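Reviewing the structure listed below.
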Amino acid sequence: MPATPRRATLATVAASAGVSVATVSKVLNGRSDVSPATRSLVQAVLRQHDYVAPAPRRESPGAATVELQFDADLNAYSMEIVQGAVAAGAESGIGIVVSVRGGAERTTAWARALVAAGRRALIAVTSEMTARQPAALARARLPLVLIDPLNLPRTRVTSVGSTNFAGGLAATHHLLSLGHRRVAYVGGPATAGCNQARLHGYRAAMEAEGALVLPGYVRSGHFRYRSGLAGGAAVLDLPRPPTAIFAGSDEMAIGIMEAARARGLRIPEDLSIVGFDDTQIARLTSPPLTTVRQPLREMGGVALRTALRLAAGERVDSHHVELATELVVRGSTALVPESRA
């Protein structure tokens with residue numbers, strides 16, 4: 001495994017700039033008794049070494065914070081994770097700071113800002129990470145935990161997820177047990193690890209039952225309503241439309257429901273739909289949504305506790321944890337109508 005990058009010290013910067021440690025300290029603290037030329041030189045060397053000032057010591061454990069960072073606007077999925085992390089933080093006396101920041105904005109300056117703000121660790125949710133971003137956090141000695149990452153960098157990163165393959169398998173088997181053979185999958189980004197696992201579960205179930213995956217029956221997009229609406233419309237407008245659809249998220253399933261209603265289809269009489277996540281909206285739809293329960297609150301809690309262990313310098317038993325999924329049957333699925341079998 002690659003070695004953890006060494007963090008630059010004041011002595012390292014001072015030696016490179018040819019000045020004293022005291023001078024470097026004065027520049028960092030904004031003191032005025034440093035010449036402009038020396039100040040510019042020291043600041044350039046600080047940037048060259050990616051120097052990150054140590055986080056201020058906290059006298060009270062209650063002052064410590066962990067950042068919970070999302071890469072897109074919050075939705076029902078996000079709020080389940082937030083609630084789990086906040087509950088675990090309250091038990092540990094740790095505050096949770098929730099933020100939204102795109103992957104392109106995660107730079108060395110971003111890592112420095114987190115440390116300067118006193119963050120003890122970072123939890124990033126459904127994020128796409130480049131190798132440079134975990135490296136910047138490692139230089140800052142800031143632990144990172146990913147939840148449902150869209151990709152895993154080549155460097156070893158700790159992550160928390162769920163049994164996505166088993167969930168996809170269970171969702172598809174449920175539809176096949178109801179007599180459906182024309183079953184489509186409308187999921188998230190094609191390159192996302194969690195989406196690939198759900199898709200593989202779907203394909204494995206279809207193959208085990210001898211059901212063909214017809215051309216156009218697999219669609220990818222984002223785990224959001226608009227992608228569900230567009231993907232649902234695309235598969236329902238095929239010459240041989242499906243009698244059932246497995247959606248990669250609850251929010252996508254709601255979009256598919258709307259696409260079906262726009263075409264005069266009744267749920268579940270004409271079309272069965274299964275979602276994934278079991279967020280609050282799954283219980284509020286009409287009819288209530290059959291879905292795969294992903295233990296999102298538990299995932300938020302596990303991520304928080306793991307981040308705190310890493311921050312304390314402890315070793316973790318596994319760098320990837322998967323929590324069990326569970327099929328929850330509600331009113332959006334039914335036996336395939338004989339007229340559409």
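Please note that chains go A, B, ... in the order of the structure tokens, that every chain numbers its residues from 1, and that ligands are numbered from 1 in the order shown.
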Just want the 12 Å neighbourhood of Ala76 (chain A), counted on only C-alpha atoms, with same-chain residues fewer than 6 positions away dropped. Output as an MDAnalysis selection string.
chainID A and resid 82:83 223:225 249:252 277:284 296:297
Keeping C-alpha atoms, export the residues of the selection given above as a CSV table (one decimal), in the first residue's frame.
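part_6.csv was written with the following content:
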```csv
chain,number,residue,atom,x,y,z
A,82,VAL,CA,-28.0,13.0,8.4
A,83,GLN,CA,-30.3,11.8,11.1
A,223,PHE,CA,-30.6,8.6,-8.6
A,224,ARG,CA,-33.1,11.5,-8.9
A,225,TYR,CA,-36.8,12.0,-9.9
A,249,SER,CA,-33.7,4.5,-5.9
A,250,ASP,CA,-37.1,5.5,-4.4
A,251,GLU,CA,-36.9,8.9,-6.0
A,252,MET,CA,-36.4,7.4,-9.4
A,277,ASP,CA,-33.6,2.9,-0.2
A,278,ASP,CA,-36.9,2.8,1.7
A,279,THR,CA,-36.9,6.5,2.5
A,280,GLN,CA,-39.9,8.3,3.9
A,281,ILE,CA,-41.3,9.0,0.5
A,282,ALA,CA,-41.7,5.3,-0.2
A,283,ARG,CA,-44.5,5.2,2.5
A,284,LEU,CA,-46.2,8.4,1.2
A,296,LEU,CA,-29.3,4.6,5.7
A,297,ARG,CA,-29.5,5.8,9.3
```
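Every protein or nucleic acid residue with an atom no more than 8 Å from region 17-27 of chain A, counting only C-alpha atoms and leaving out same-chain residues fewer than 6 positions away, appears here: Leu10, Ala11, Asp33, Val34, Arg39, Leu41, Val42, Gln43 and Val45 of chain A.
For region 101-149 of chain A, the set of residues given helix (DSSP H, G or I) by DSSP on the backbone reads Gly103, Ala104, Glu105, Thr108, Ala109, Trp110, Ala111, Arg112, Ala113, Leu114, Val115, Ala116, Arg132, Gln133, Pro134, Ala135, Ala136, Leu137, Ala138 and Arg139 of chain A.
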Might you pull out every residue within 12 Å of Ala211 (chain A), with only C-alpha atoms counted and same-chain residues fewer than 6 positions away left off, and present them as a PyMOL selection string?
chain A and resi 172-173+175-177+179-184+202-205
Region 236-303 of chain A near region 320-331 of chain A within 10 Å: what's each residue's closest atom pair and its distance in Å to one decimal, counting only C-alpha atoms, ordered by chain then ascending residue number, as a tab-separated table?
```
residue	atom	partner	partner_atom	distance
A:Ile267	CA	A:Gly331	CA	8.4
A:Pro268	CA	A:Gly331	CA	7.2
A:Ser272	CA	A:Gly331	CA	9.0
A:Ile273	CA	A:Gly331	CA	9.3
A:Val274	CA	A:Val329	CA	8.7
A:Gly275	CA	A:Leu327	CA	9.6
A:Phe276	CA	A:Leu327	CA	8.9
A:Asp277	CA	A:Thr325	CA	8.8
A:Asp278	CA	A:Val328	CA	7.9
A:Ala282	CA	A:Arg330	CA	9.1
A:Arg283	CA	A:Arg330	CA	8.5
A:Thr285	CA	A:Gly331	CA	9.5
A:Ser286	CA	A:Gly331	CA	8.2
A:Pro287	CA	A:Gly331	CA	5.3
A:Pro288	CA	A:Gly331	CA	5.2
A:Leu289	CA	A:Arg330	CA	5.6
A:Thr290	CA	A:Arg330	CA	4.5
A:Thr291	CA	A:Val328	CA	5.4
A:Val292	CA	A:Leu327	CA	4.4
A:Arg293	CA	A:Glu326	CA	5.0
A:Gln294	CA	A:Thr325	CA	5.1
A:Pro295	CA	A:Thr325	CA	6.8
A:Leu296	CA	A:Leu323	CA	9.2
A:Glu298	CA	A:Leu323	CA	8.2
A:Met299	CA	A:Leu323	CA	7.4
A:Val302	CA	A:Val321	CA	8.7
A:Ala303	CA	A:Val321	CA	9.2
```
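Between CA of Asn29 (chain A) and CA of Ala64 (chain A) the interatomic distance comes to 22.7 Å.
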